[in-house]
Every structure is written in structure tokens, then in C-alpha cells.
$ cat upload12.txt   # compact mmCIF, C-alpha atoms
# COMPACT_ATOMS: atom_id res chain seq x y z
CA MET R 1 -6.52 26.11 2.85
CA ASP R 2 -3.40 23.91 2.94
CA GLN R 3 -3.73 23.45 6.72
CA LEU R 4 -4.55 19.74 7.02
CA LYS R 5 -6.09 18.99 10.41
CA ILE R 6 -5.14 15.55 11.74
CA ALA R 7 -7.07 14.27 14.77
CA LEU R 8 -5.30 11.67 16.91
CA LEU R 9 -7.94 9.76 18.88
CA GLN R 10 -5.90 8.96 21.99
CA ILE R 11 -8.70 7.05 23.68
CA SER R 12 -9.05 3.95 25.86
CA PRO R 13 -11.01 0.87 24.75
CA CYS R 14 -14.25 -0.30 26.32
CA GLY R 15 -13.65 -4.05 26.59
CA SER R 16 -15.95 -5.16 23.78
CA LEU R 17 -16.32 -4.77 20.02
CA GLU R 18 -19.71 -3.11 20.46
CA GLY R 19 -18.37 -0.69 23.06
CA ASN R 20 -15.38 0.22 20.92
CA LEU R 21 -17.65 0.80 17.94
CA GLU R 22 -19.93 3.12 19.90
CA LYS R 23 -17.06 5.03 21.49
CA GLY R 24 -15.16 5.23 18.20
CA ILE R 25 -18.14 6.75 16.42
CA LYS R 26 -18.63 9.24 19.26
CA PHE R 27 -15.04 10.44 19.11
CA CYS R 28 -15.03 10.66 15.31
CA ARG R 29 -18.05 12.95 15.53
CA GLN R 30 -16.25 15.09 18.10
CA ALA R 31 -13.15 15.25 15.90
CA LYS R 32 -15.27 16.50 12.99
CA LYS R 33 -16.74 19.23 15.20
CA MET R 34 -13.16 20.25 15.99
CA GLY R 35 -12.50 20.67 12.27
CA ALA R 36 -10.56 17.48 11.57
CA ASP R 37 -9.84 16.37 8.00
CA ILE R 38 -8.49 12.97 9.12
CA ALA R 39 -9.19 10.98 12.30
CA LEU R 40 -6.75 8.22 13.32
CA PHE R 41 -7.29 5.47 15.90
CA PRO R 42 -4.63 3.73 18.01
CA GLU R 43 -3.50 0.23 17.06
CA MET R 44 -6.05 -2.60 16.81
CA TRP R 45 -8.96 -0.51 18.10
CA SER R 46 -11.55 -3.23 17.46
CA CYS R 47 -10.20 -5.25 20.41
CA GLY R 48 -8.21 -2.55 22.21
CA TYR R 49 -4.97 -4.43 21.47
CA ASP R 50 -5.98 -6.89 24.20
CA ILE R 51 -3.65 -9.70 23.13
CA TYR R 52 -1.40 -10.14 26.15
CA SER R 53 -3.79 -10.96 28.97
CA ARG R 54 -5.35 -14.04 27.33
CA PRO R 55 -4.26 -17.17 25.44
CA ALA R 56 -3.82 -16.63 21.70
CA ASN R 57 -6.76 -18.85 20.76
CA GLU R 58 -9.05 -16.58 22.78
CA TRP R 59 -7.98 -13.21 21.39
CA MET R 60 -7.64 -14.57 17.85
CA ALA R 61 -11.35 -15.39 18.06
CA ASP R 62 -12.03 -11.64 18.42
CA ALA R 63 -10.82 -10.97 14.86
CA VAL R 64 -13.38 -9.35 12.55
CA PRO R 65 -13.43 -9.38 8.74
CA SER R 66 -12.57 -6.26 6.76
CA ASP R 67 -16.15 -6.22 5.46
CA SER R 68 -17.73 -6.61 8.90
CA ALA R 69 -20.42 -4.35 10.31
CA PHE R 70 -17.75 -2.84 12.59
CA VAL R 71 -15.62 -1.66 9.67
CA ASP R 72 -18.60 -0.75 7.49
CA SER R 73 -19.90 1.56 10.21
CA PHE R 74 -16.80 3.71 9.86
CA ARG R 75 -17.07 3.66 6.07
CA TYR R 76 -20.57 5.06 6.37
CA LEU R 77 -19.49 7.54 9.05
CA ALA R 78 -16.60 8.89 6.97
CA GLY R 79 -18.97 9.70 4.11
CA LYS R 80 -21.56 11.21 6.42
CA LEU R 81 -19.02 13.41 8.24
CA ASP R 82 -17.05 14.33 5.10
CA MET R 83 -13.88 13.28 6.99
CA ALA R 84 -11.27 10.62 6.34
CA ILE R 85 -11.09 7.92 9.02
CA GLY R 86 -8.23 5.51 9.71
CA ILE R 87 -9.87 2.65 11.60
CA THR R 88 -7.74 -0.14 13.06
CA LEU R 89 -8.68 -3.73 13.80
CA LEU R 90 -7.66 -7.26 14.53
CA GLU R 91 -8.64 -8.45 11.08
CA LYS R 92 -9.88 -11.96 10.41
CA TYR R 93 -7.73 -13.01 7.44
CA LYS R 94 -7.80 -16.38 5.71
CA ASP R 95 -7.13 -18.95 8.45
CA GLY R 96 -5.60 -16.42 10.82
CA ALA R 97 -5.61 -12.74 11.72
CA ARG R 98 -3.76 -9.54 10.85
CA ASN R 99 -3.04 -6.22 12.57
CA THR R 100 -4.70 -3.87 10.10
CA LEU R 101 -5.45 -0.23 9.28
CA ILE R 102 -8.22 0.61 6.82
CA LEU R 103 -8.31 4.20 5.58
CA PHE R 104 -11.59 5.63 4.31
CA ASP R 105 -11.66 8.94 2.47
CA ARG R 106 -14.24 11.64 3.16
CA HIS R 107 -16.60 10.02 0.66
CA GLY R 108 -16.54 6.67 2.47
CA GLU R 109 -14.37 4.94 -0.10
CA ILE R 110 -11.61 2.52 0.96
CA LYS R 111 -8.33 4.09 -0.12
CA LEU R 112 -5.84 1.89 1.71
CA THR R 113 -5.78 -1.41 3.57
CA TYR R 114 -2.48 -1.97 5.33
CA ALA R 115 -1.50 -4.94 7.51
CA LYS R 116 1.48 -4.59 9.84
CA VAL R 117 4.56 -5.92 8.05
CA HIS R 118 6.94 -6.04 11.03
CA THR R 119 4.89 -8.04 13.51
CA CYS R 120 6.56 -8.40 16.91
CA ASP R 121 7.55 -12.03 16.38
CA PHE R 122 9.50 -12.13 19.65
CA SER R 123 6.15 -11.92 21.44
CA VAL R 124 2.49 -12.89 21.00
CA GLU R 125 2.21 -11.09 17.66
CA ARG R 126 3.94 -14.13 16.23
CA ASN R 127 0.42 -15.54 15.99
CA LEU R 128 -0.50 -12.87 13.43
CA THR R 129 -0.11 -13.01 9.66
CA PRO R 130 2.32 -10.25 8.60
CA GLY R 131 1.43 -7.85 5.82
CA GLU R 132 3.18 -8.23 2.48
CA ALA R 133 3.90 -4.63 1.41
CA PHE R 134 3.64 -0.91 2.08
CA TYR R 135 1.16 1.26 0.20
CA VAL R 136 0.55 4.91 -0.63
CA THR R 137 -2.76 6.36 -1.77
CA ASP R 138 -4.07 9.70 -3.06
CA LEU R 139 -6.42 10.79 -0.29
CA ASP R 140 -9.05 13.36 -1.17
CA THR R 141 -9.46 15.84 1.69
CA ALA R 142 -11.08 19.26 2.08
CA GLN R 143 -7.54 20.64 1.72
CA GLY R 144 -6.98 18.85 -1.58
CA THR R 145 -5.31 15.56 -2.44
CA VAL R 146 -2.65 14.30 -0.03
CA LYS R 147 -0.40 11.30 -0.64
CA VAL R 148 -0.81 9.12 2.45
CA GLY R 149 0.89 5.90 3.54
CA ALA R 150 0.80 3.82 6.72
CA MET R 151 2.99 2.00 9.21
CA ILE R 152 1.92 0.35 12.47
CA CYS R 153 3.87 0.62 15.74
CA TYR R 154 6.96 -1.66 15.44
CA ASP R 155 7.26 -0.80 11.73
CA ARG R 156 8.85 2.48 12.82
CA GLU R 157 11.90 0.55 14.09
CA PHE R 158 12.92 -0.19 10.51
CA PRO R 159 14.06 2.77 8.38
CA GLU R 160 13.03 0.79 5.30
CA SER R 161 9.33 1.14 6.17
CA ALA R 162 9.18 4.92 5.88
CA ARG R 163 11.79 4.94 3.11
CA ILE R 164 9.65 2.74 0.89
CA LEU R 165 6.64 4.95 1.53
CA MET R 166 8.66 8.07 0.68
CA LEU R 167 9.84 6.46 -2.56
CA GLN R 168 6.18 5.86 -3.42
CA GLY R 169 5.48 9.55 -2.95
CA ALA R 170 4.08 9.69 0.59
CA GLU R 171 3.73 13.14 2.13
CA LEU R 172 2.08 11.86 5.32
CA ILE R 173 2.45 8.54 7.15
CA LEU R 174 -0.28 7.47 9.56
CA VAL R 175 1.00 5.32 12.45
CA PRO R 176 -1.41 3.58 14.84
CA ASN R 177 0.45 2.58 18.02
CA ALA R 178 0.13 0.61 21.27
CA CYS R 179 3.24 0.84 23.46
CA PRO R 180 5.07 3.22 25.81
CA MET R 181 6.31 6.17 23.77
CA GLU R 182 9.62 7.00 25.43
CA ILE R 183 12.51 9.12 24.19
CA ASN R 184 14.03 6.54 21.86
CA ARG R 185 10.77 5.58 20.16
CA LEU R 186 9.89 9.23 19.75
CA SER R 187 13.36 9.76 18.30
CA GLN R 188 12.71 7.05 15.72
CA LEU R 189 9.55 8.81 14.56
CA ARG R 190 11.38 12.12 14.43
CA ALA R 191 14.15 10.52 12.36
CA ARG R 192 11.74 8.83 9.92
CA SER R 193 10.10 12.21 9.36
CA TYR R 194 13.36 14.17 9.04
CA GLU R 195 15.24 11.81 6.74
CA ASN R 196 12.31 11.40 4.34
CA MET R 197 10.97 14.96 4.42
CA LEU R 198 7.44 13.87 5.22
CA ALA R 199 4.98 14.12 8.09
CA VAL R 200 4.50 11.26 10.56
CA ALA R 201 1.33 11.18 12.68
CA THR R 202 1.25 8.59 15.49
CA CYS R 203 -1.79 7.76 17.63
CA ASN R 204 -1.22 5.84 20.87
CA TYR R 205 -3.47 4.68 23.70
CA PRO R 206 -3.60 6.92 26.81
CA GLU R 207 -1.76 6.20 30.04
CA ASN R 208 -4.74 4.44 31.68
CA VAL R 209 -4.27 1.56 29.21
CA PRO R 210 -1.70 -1.04 30.35
CA ASP R 211 1.77 -0.64 28.82
CA CYS R 212 0.81 2.63 27.09
CA ASN R 213 1.40 6.26 28.02
CA GLY R 214 -0.24 8.48 25.43
CA ARG R 215 2.27 10.96 23.97
CA SER R 216 0.78 10.73 20.49
CA THR R 217 2.77 12.91 18.11
CA VAL R 218 2.90 14.62 14.76
CA PHE R 219 6.24 15.48 13.17
CA ASP R 220 5.96 17.66 10.07
CA GLY R 221 9.39 16.83 8.61
CA VAL R 222 10.35 20.45 7.92
CA ALA R 223 13.71 20.96 9.61
CA TYR R 224 14.75 24.25 8.00
CA LEU R 225 12.95 27.43 6.99
CA PRO R 226 14.44 30.24 4.89
CA ASP R 227 13.73 32.94 7.50
CA GLU R 228 15.03 30.97 10.49
CA GLU R 229 18.59 30.29 11.60
CA GLY R 230 19.56 26.69 12.22
CA SER R 231 17.09 23.83 12.41
CA ARG R 232 13.60 23.92 13.88
CA ASP R 233 11.70 21.41 16.00
CA THR R 234 9.75 19.24 13.59
CA CYS R 235 7.37 18.12 16.37
CA ILE R 236 4.19 20.15 15.90
CA LEU R 237 2.17 18.12 18.41
CA GLU R 238 2.97 15.93 21.40
CA ALA R 239 0.06 14.88 23.57
CA ASP R 240 0.32 14.24 27.27
CA GLY R 241 -0.86 10.95 28.77
CA SER R 242 -4.53 11.88 29.05
CA GLU R 243 -7.40 10.50 27.05
CA GLY R 244 -8.66 12.89 24.42
CA ILE R 245 -8.60 14.17 20.86
CA TYR R 246 -5.39 15.91 19.84
CA ILE R 247 -5.38 17.91 16.62
CA ALA R 248 -2.34 19.00 14.66
CA GLU R 249 -2.43 21.40 11.73
CA LEU R 250 -0.06 20.27 9.00
CA ASP R 251 1.01 23.07 6.64
CA LEU R 252 0.94 21.25 3.29
CA LYS R 253 2.30 24.16 1.26
CA GLN R 254 5.26 24.55 3.60
CA LEU R 255 5.99 20.83 3.46
CA ARG R 256 5.73 20.68 -0.33
CA ASP R 257 7.95 23.71 -0.84
CA TYR R 258 10.50 22.20 1.52
CA ARG R 259 10.49 18.86 -0.32
CA LYS R 260 11.24 20.66 -3.60
CA SER R 261 14.38 22.33 -2.29
CA GLU R 262 16.00 20.41 0.58
CA VAL R 263 18.58 17.63 0.56
CA HIS R 264 16.88 14.61 2.17
CA GLY R 265 14.36 12.10 0.84
CA ASN R 266 15.32 10.85 -2.61
CA ALA R 267 17.27 13.95 -3.65
CA TYR R 268 20.85 12.65 -3.34
CA ARG R 269 20.57 8.92 -2.76
CA HIS R 270 22.86 6.37 -4.49
CA PRO R 271 20.68 3.23 -4.60
CA GLN R 272 23.06 1.50 -7.01
CA LYS R 273 25.47 1.21 -4.06
CA TYR R 274 22.97 -0.25 -1.60
CA GLY R 275 22.82 -3.83 -2.84
CA ILE R 276 23.58 -5.34 0.57
CA LEU R 277 20.27 -3.96 1.85
CA ILE R 278 18.36 -6.69 0.01
CA ASP R 279 20.67 -9.50 1.12
CA THR R 280 18.56 -11.91 3.20
CA LYS R 281 21.50 -13.45 5.02
CA VAL R 282 21.47 -13.00 8.81
CA GLU R 283 24.62 -13.56 10.86
CA GLU R 284 25.64 -13.27 14.51
CA PRO R 285 24.96 -11.37 16.68
CA PHE R 286 21.53 -10.97 15.04
CA ILE R 287 20.44 -14.58 14.70
CA ARG R 288 17.14 -15.22 16.51
CA GLU R 289 15.50 -18.64 16.69
CA ASP R 290 11.99 -17.16 16.47
CA TYR R 291 12.71 -15.08 13.33
CA ARG R 292 10.42 -15.91 10.43
CA ARG R 293 10.98 -14.70 6.90
$ encode --input "upload12.txt" --output "C-alpha cells"
Amino acid sequence: MDQLKIALLQISPCGSLEGNLEKGIKFCRQAKKMGADIALFPEMWSCGYDIYSRPANEWMADAVPSDSAFVDSFRYLAGKLDMAIGITLLEKYKDGARNTLILFDRHGEIKLTYAKVHTCDFSVERNLTPGEAFYVTDLDTAQGTVKVGAMICYDREFPESARILMLQGAELILVPNACPMEINRLSQLRARSYENMLAVATCNYPENVPDCNGRSTVFDGVAYLPDEEGSRDTCILEADGSEGIYIAELDLKQLRDYRKSEVHGNAYRHPQKYGILIDTKVEEPFIREDYRR
């Protein structure tokens, strides 16, 4: 008990919604056979994040509703497998589309629907509707209840994303991804985990997908242990570039004990002195013409 098994489905898309559905189900079943408690897909699995090779009006037409047969198939599968599933999609939303993660618990209940807040507005993601907030849910797993939140890809670039989730009680952040994971991006994930004393699990596409390179990771956030000198490597899993299922075992008891005693997270903050953080004014050199509030 207390060893939460997180399966990162670092897999390549098939080129169609139907193909991605079939392959996604197949890999979820494999993850369950490997003992997974949670299975996480890379970003926008429903369309394979295929939004750069075509005009926006074409890929926007691939958006599917949150109550579509595609999504409902994973709801049913989660309950059948007794395993939480974080499915990702280009979600049809009002008159547009969102970059969305829907998390089902092991009973097939929706526990969290998160739309990417920090859309990449300097690129084609400007066509997407940004999410409005960050959320944390109590996720029932075979290892007990875990407080889980979500970010998506570019959200990691903003310390506020993980900080808000930590302040809402998150112990684990799930991060679907679709970009090259190089040293600086990996360092951001490591920092978000370290400074908030929580685990960060990121699932990327493998290296055979354009502009991706695998290297999915899990950082457990535990930098110090009583019986070890100095700090430890908080990275408990880093995949290579190959397609496959990568499973990390997160020691929940160790993480929870650490959060009760160490100095990060919300232990010694002074929020009354941080007023400038909610100032919406933007000045040079950070003014960008394509910025949208």
C-alpha cells in the first residue's frame, strides 16, 4: 500500500479519432496489467495534437464534445479496469474548442475537467478558448484517496499554476504534454515539484512524433530524507524517446511525511507581501501585441 503506480502512456497517435480511441483503449488495458492505478495520455490525444500542419478551420473541426462517444469510452473503461484514466482531447466548447484533460476515477466517475489556462497565444493555440481556473479533486485509488490537480504543457512555464494547485491541497499534478522536453523544460517541472512539495507526472509524445522527443517524467517532490546527507534526486522516472508505457511508483507515505515537516509549499510564505503578483499591468520589455487577457 501507499505505492501509487502512475502509467505514462508515451504513445504516438494513429491519424484518426477512431484509431486513437482503439489504440488508447489497448494501452490502458496494458497499463492495468502492469499494475497501474492511474493512466495518463499525452496532450490532446483525440487528434494527436495535429494543429500545426493544417489551417485552423480544419483542425478545429476535429474537436469532440466532452460527452462524446470518444470520451465516454474511457469513462466506461476506467470503471471496468478499476483504474483512473486521464484522457486528453481537443474539446468542442461553445463556439470554439479547448485543450482539455478529463480525469475519471476507478469507478468511471468524472472527477476533474481541466482546460489549458496558458494557451500558447504566440502560435496556433491562439485559436483555442483558454480555461478559466485550476482545480484539485479527491481521487479514489486502490492506494486510498489522493489529491490530484492538472496542468497542460505550457502551464508549467508559470510558477503560479502549480502554486495555486498546491494551495488547493494537491499532492500530485498530472501534466499532459506535446513538445520537446529539453533540460530547461525538465528543470521547470523539477522546480514546480520541489518548491511545492508535490509530485509532478508529465506524459509526452515519443520521438517519432514531430516536435516531440518522449522523456516523460515523474518528480516526487521529496528533496530530503532523514537518513540521507544532502538533497536527493526528485526524478523517480525519466523515459527515453521510445514509444511505450512508463510506470513510476510514487511513495505516498514518504511524500506526506515530508510535507508535514519540510520548509517549502505553504509553510513559510508571506502572501500579504505579494500584492504585485495580481497587478495586471504589463510593461516593456514584456509587451506583446498578440497577448490576450
$ closest_residue --input "upload12.txt" --among "R:Gln272, R:Cys235, R:Ile247, R:Val175" --to "Ser187 (chain R)" --atoms "all atoms listed in the file"
R:Cys235
$ closest_residue --input "upload12.txt" --among "R:Ile152, R:Ala201, R:Leu172, R:Leu112" --to "Leu237 (chain R)" --atoms "all atoms listed in the file"
R:Ala201
$ closest_atom_pairs --input "upload12.txt" --of "region 130-170 of chain R" --to "region 33-56 of chain R" --cutoff "8 Å" --atoms "all atoms listed in the file" --output "tab-separated table"
residue	atom	partner	partner_atom	distance
R:Thr141	CA	R:Asp37	CA	6.3
R:Ala142	CA	R:Asp37	CA	6.7
R:Gln143	CA	R:Asp37	CA	7.9
R:Ile152	CA	R:Glu43	CA	7.1
R:Cys153	CA	R:Glu43	CA	7.5
$ residues_around --input "upload12.txt" --residues "Ser161 (chain R)" --least-positions-apart "5" --cutoff "10 Å" --atoms "only C-alpha atoms" --output "ChimeraX atom specification"
/R:117-118,133-134,150-152,154-156,166,192
$ write_last_selection --input "upload12.txt" --atoms "C-alpha atoms" --output "PDB file, in the frame of the given file"
ATOM      1  CA  VAL R 117       4.560  -5.920   8.050  1.00  0.00           C
ATOM      2  CA  HIS R 118       6.940  -6.040  11.030  1.00  0.00           C
ATOM      3  CA  ALA R 133       3.900  -4.630   1.410  1.00  0.00           C
ATOM      4  CA  PHE R 134       3.640  -0.910   2.080  1.00  0.00           C
ATOM      5  CA  ALA R 150       0.800   3.820   6.720  1.00  0.00           C
ATOM      6  CA  MET R 151       2.990   2.000   9.210  1.00  0.00           C
ATOM      7  CA  ILE R 152       1.920   0.350  12.470  1.00  0.00           C
ATOM      8  CA  TYR R 154       6.960  -1.660  15.440  1.00  0.00           C
ATOM      9  CA  ASP R 155       7.260  -0.800  11.730  1.00  0.00           C
ATOM     10  CA  ARG R 156       8.850   2.480  12.820  1.00  0.00           C
ATOM     11  CA  MET R 166       8.660   8.070   0.680  1.00  0.00           C
ATOM     12  CA  ARG R 192      11.740   8.830   9.920  1.00  0.00           C
TER      13      ARG R 192
END
$ residues_around --input "upload12.txt" --residues "Pro210 (chain R)" --least-positions-apart "6" --cutoff "10 Å" --atoms "only C-alpha atoms" --output "PDB file with C-alpha atoms, keeping the file's coordinate frame"
ATOM      1  CA  SER R  12      -9.050   3.950  25.860  1.00  0.00           C
ATOM      2  CA  ASP R  50      -5.980  -6.890  24.200  1.00  0.00           C
ATOM      3  CA  ALA R 178       0.130   0.610  21.270  1.00  0.00           C
ATOM      4  CA  CYS R 179       3.240   0.840  23.460  1.00  0.00           C
ATOM      5  CA  PRO R 180       5.070   3.220  25.810  1.00  0.00           C
TER       6      PRO R 180
END
$ closest_residue --input "upload12.txt" --among "R:Pro130, R:Ser66, R:Lys94, R:Asp227" --to "Ile110 (chain R)" --atoms "all atoms listed in the file"
R:Ser66
$ residues_near_point --input "upload12.txt" --point "(-17.3, 6.7, 1.5)" --cutoff "8 Å" --atoms "only C-alpha atoms" --output "PDB file with C-alpha atoms, in the frame of the given file"
ATOM      1  CA  ARG R  75     -17.070   3.660   6.070  1.00  0.00           C
ATOM      2  CA  TYR R  76     -20.570   5.060   6.370  1.00  0.00           C
ATOM      3  CA  LEU R  77     -19.490   7.540   9.050  1.00  0.00           C
ATOM      4  CA  ALA R  78     -16.600   8.890   6.970  1.00  0.00           C
ATOM      5  CA  GLY R  79     -18.970   9.700   4.110  1.00  0.00           C
ATOM      6  CA  LYS R  80     -21.560  11.210   6.420  1.00  0.00           C
ATOM      7  CA  PHE R 104     -11.590   5.630   4.310  1.00  0.00           C
ATOM      8  CA  ASP R 105     -11.660   8.940   2.470  1.00  0.00           C
ATOM      9  CA  ARG R 106     -14.240  11.640   3.160  1.00  0.00           C
ATOM     10  CA  HIS R 107     -16.600  10.020   0.660  1.00  0.00           C
ATOM     11  CA  GLY R 108     -16.540   6.670   2.470  1.00  0.00           C
ATOM     12  CA  GLU R 109     -14.370   4.940  -0.100  1.00  0.00           C
ATOM     13  CA  ILE R 110     -11.610   2.520   0.960  1.00  0.00           C
TER      14      ILE R 110
END
$ atom_distance --input "upload12.txt" --atom1 "CA of Thr217 (chain R)" --atom2 "CA of Ala239 (chain R)"
6.4 Å
$ atom_distance --input "upload12.txt" --atom1 "CA of Pro159 (chain R)" --atom2 "CA of Glu243 (chain R)"
29.5 Å
$ atom_distance --input "upload12.txt" --atom1 "CA of Ala69 (chain R)" --atom2 "CA of Lys5 (chain R)"
27.4 Å
$ closest_residue --input "upload12.txt" --among "R:Asp67, R:Met60, R:Glu160, R:Gly149" --to "Asp95 (chain R)" --atoms "only C-alpha atoms"
R:Met60
$ closest_residue --input "upload12.txt" --among "R:Pro176, R:Gly214, R:Pro206, R:Gly221" --to "Arg190 (chain R)" --atoms "only C-alpha atoms"
R:Gly221
$ residues_around --input "upload12.txt" --residues "Gly96 (chain R)" --least-positions-apart "2" --cutoff "10 Å" --atoms "all atoms listed in the file" --output "PDB file with C-alpha atoms, keeping the file's coordinate frame"
ATOM      1  CA  MET R  60      -7.640 -14.570  17.850  1.00  0.00           C
ATOM      2  CA  ALA R  61     -11.350 -15.390  18.060  1.00  0.00           C
ATOM      3  CA  ALA R  63     -10.820 -10.970  14.860  1.00  0.00           C
ATOM      4  CA  GLU R  91      -8.640  -8.450  11.080  1.00  0.00           C
ATOM      5  CA  LYS R  92      -9.880 -11.960  10.410  1.00  0.00           C
ATOM      6  CA  TYR R  93      -7.730 -13.010   7.440  1.00  0.00           C
ATOM      7  CA  LYS R  94      -7.800 -16.380   5.710  1.00  0.00           C
ATOM      8  CA  ARG R  98      -3.760  -9.540  10.850  1.00  0.00           C
ATOM      9  CA  ASN R 127       0.420 -15.540  15.990  1.00  0.00           C
ATOM     10  CA  LEU R 128      -0.500 -12.870  13.430  1.00  0.00           C
ATOM     11  CA  THR R 129      -0.110 -13.010   9.660  1.00  0.00           C
TER      12      THR R 129
END
$ residues_around --input "upload12.txt" --residues "Ala199 (chain R)" --least-positions-apart "2" --cutoff "12 Å" --atoms "only C-alpha atoms" --output "PyMOL selection string"
chain R and resi 4+6+146-150+162+165-166+169-175+189-197+201-202+217-223+234-237+248-252+254-256+258-259
$ closest_residue --input "upload12.txt" --among "R:Met83, R:Asn213, R:Asn266, R:Gly131" --to "Gln168 (chain R)" --atoms "all atoms listed in the file"
R:Asn266
$ axis_aligned_box --input "upload12.txt" --around "region 22-31 of chain R" --padding-each-side "3 Å" --output "JSON"
{"center_x": -16.5, "center_y": 9.2, "center_z": 18.4, "size_x": 12.8, "size_y": 18.1, "size_z": 12.2}
$ build_atoms --input "upload12.txt" --residues "region 219-227 of chain R" --atoms "all heavy atoms" --output "PDB file, in the frame of the given file"
ATOM      1  N   PHE R 219       5.020  14.821  13.640  1.00  0.00           N
ATOM      2  CA  PHE R 219       6.240  15.480  13.170  1.00  0.00           C
ATOM      3  C   PHE R 219       5.997  15.910  11.734  1.00  0.00           C
ATOM      4  O   PHE R 219       5.535  15.102  10.917  1.00  0.00           O
ATOM      5  CB  PHE R 219       7.442  14.523  13.238  1.00  0.00           C
ATOM      6  CG  PHE R 219       7.811  14.110  14.631  1.00  0.00           C
ATOM      7  CD1 PHE R 219       7.274  12.952  15.188  1.00  0.00           C
ATOM      8  CD2 PHE R 219       8.669  14.868  15.394  1.00  0.00           C
ATOM      9  CE1 PHE R 219       7.603  12.559  16.484  1.00  0.00           C
ATOM     10  CE2 PHE R 219       9.010  14.497  16.699  1.00  0.00           C
ATOM     11  CZ  PHE R 219       8.472  13.341  17.239  1.00  0.00           C
ATOM     12  N   ASP R 220       6.288  17.181  11.414  1.00  0.00           N
ATOM     13  CA  ASP R 220       5.960  17.660  10.070  1.00  0.00           C
ATOM     14  C   ASP R 220       7.092  17.504   9.062  1.00  0.00           C
ATOM     15  O   ASP R 220       6.900  17.733   7.860  1.00  0.00           O
ATOM     16  CB  ASP R 220       5.467  19.110  10.109  1.00  0.00           C
ATOM     17  CG  ASP R 220       6.549  20.132  10.458  1.00  0.00           C
ATOM     18  OD1 ASP R 220       7.732  19.749  10.640  1.00  0.00           O
ATOM     19  OD2 ASP R 220       6.202  21.326  10.554  1.00  0.00           O
ATOM     20  N   GLY R 221       8.296  17.112   9.525  1.00  0.00           N
ATOM     21  CA  GLY R 221       9.390  16.830   8.610  1.00  0.00           C
ATOM     22  C   GLY R 221      10.126  18.027   8.069  1.00  0.00           C
ATOM     23  O   GLY R 221      11.086  17.880   7.304  1.00  0.00           O
ATOM     24  N   VAL R 222       9.721  19.224   8.450  1.00  0.00           N
ATOM     25  CA  VAL R 222      10.350  20.450   7.920  1.00  0.00           C
ATOM     26  C   VAL R 222      11.386  20.940   8.930  1.00  0.00           C
ATOM     27  O   VAL R 222      11.054  21.577   9.931  1.00  0.00           O
ATOM     28  CB  VAL R 222       9.303  21.545   7.645  1.00  0.00           C
ATOM     29  CG1 VAL R 222       9.966  22.811   7.116  1.00  0.00           C
ATOM     30  CG2 VAL R 222       8.257  21.035   6.657  1.00  0.00           C
ATOM     31  N   ALA R 223      12.646  20.655   8.659  1.00  0.00           N
ATOM     32  CA  ALA R 223      13.710  20.960   9.610  1.00  0.00           C
ATOM     33  C   ALA R 223      14.291  22.362   9.455  1.00  0.00           C
ATOM     34  O   ALA R 223      14.867  22.909  10.392  1.00  0.00           O
ATOM     35  CB  ALA R 223      14.839  19.939   9.472  1.00  0.00           C
ATOM     36  N   TYR R 224      14.148  22.946   8.269  1.00  0.00           N
ATOM     37  CA  TYR R 224      14.750  24.250   8.000  1.00  0.00           C
ATOM     38  C   TYR R 224      13.755  25.152   7.286  1.00  0.00           C
ATOM     39  O   TYR R 224      13.028  24.705   6.397  1.00  0.00           O
ATOM     40  CB  TYR R 224      16.001  24.111   7.139  1.00  0.00           C
ATOM     41  CG  TYR R 224      16.980  23.094   7.650  1.00  0.00           C
ATOM     42  CD1 TYR R 224      17.086  21.848   7.040  1.00  0.00           C
ATOM     43  CD2 TYR R 224      17.782  23.355   8.763  1.00  0.00           C
ATOM     44  CE1 TYR R 224      17.976  20.893   7.518  1.00  0.00           C
ATOM     45  CE2 TYR R 224      18.673  22.406   9.244  1.00  0.00           C
ATOM     46  CZ  TYR R 224      18.758  21.172   8.611  1.00  0.00           C
ATOM     47  OH  TYR R 224      19.629  20.230   9.085  1.00  0.00           O
ATOM     48  N   LEU R 225      13.755  26.428   7.665  1.00  0.00           N
ATOM     49  CA  LEU R 225      12.950  27.430   6.990  1.00  0.00           C
ATOM     50  C   LEU R 225      13.840  28.587   6.565  1.00  0.00           C
ATOM     51  O   LEU R 225      14.784  28.935   7.288  1.00  0.00           O
ATOM     52  CB  LEU R 225      11.829  27.939   7.902  1.00  0.00           C
ATOM     53  CG  LEU R 225      10.706  26.944   8.215  1.00  0.00           C
ATOM     54  CD1 LEU R 225       9.740  27.544   9.226  1.00  0.00           C
ATOM     55  CD2 LEU R 225       9.978  26.541   6.946  1.00  0.00           C
ATOM     56  N   PRO R 226      13.567  29.192   5.427  1.00  0.00           N
ATOM     57  CA  PRO R 226      14.440  30.240   4.890  1.00  0.00           C
ATOM     58  C   PRO R 226      14.651  31.417   5.840  1.00  0.00           C
ATOM     59  O   PRO R 226      15.727  32.015   5.867  1.00  0.00           O
ATOM     60  CB  PRO R 226      13.708  30.694   3.616  1.00  0.00           C
ATOM     61  CG  PRO R 226      12.851  29.546   3.240  1.00  0.00           C
ATOM     62  CD  PRO R 226      12.442  28.894   4.523  1.00  0.00           C
ATOM     63  N   ASP R 227      13.636  31.759   6.635  1.00  0.00           N
ATOM     64  CA  ASP R 227      13.730  32.940   7.500  1.00  0.00           C
ATOM     65  C   ASP R 227      14.145  32.603   8.932  1.00  0.00           C
ATOM     66  O   ASP R 227      14.066  33.453   9.821  1.00  0.00           O
ATOM     67  CB  ASP R 227      12.405  33.693   7.505  1.00  0.00           C
ATOM     68  CG  ASP R 227      11.239  32.817   7.943  1.00  0.00           C
ATOM     69  OD1 ASP R 227      11.435  31.588   8.010  1.00  0.00           O
ATOM     70  OD2 ASP R 227      10.149  33.354   8.212  1.00  0.00           O
TER      71      ASP R 227
END
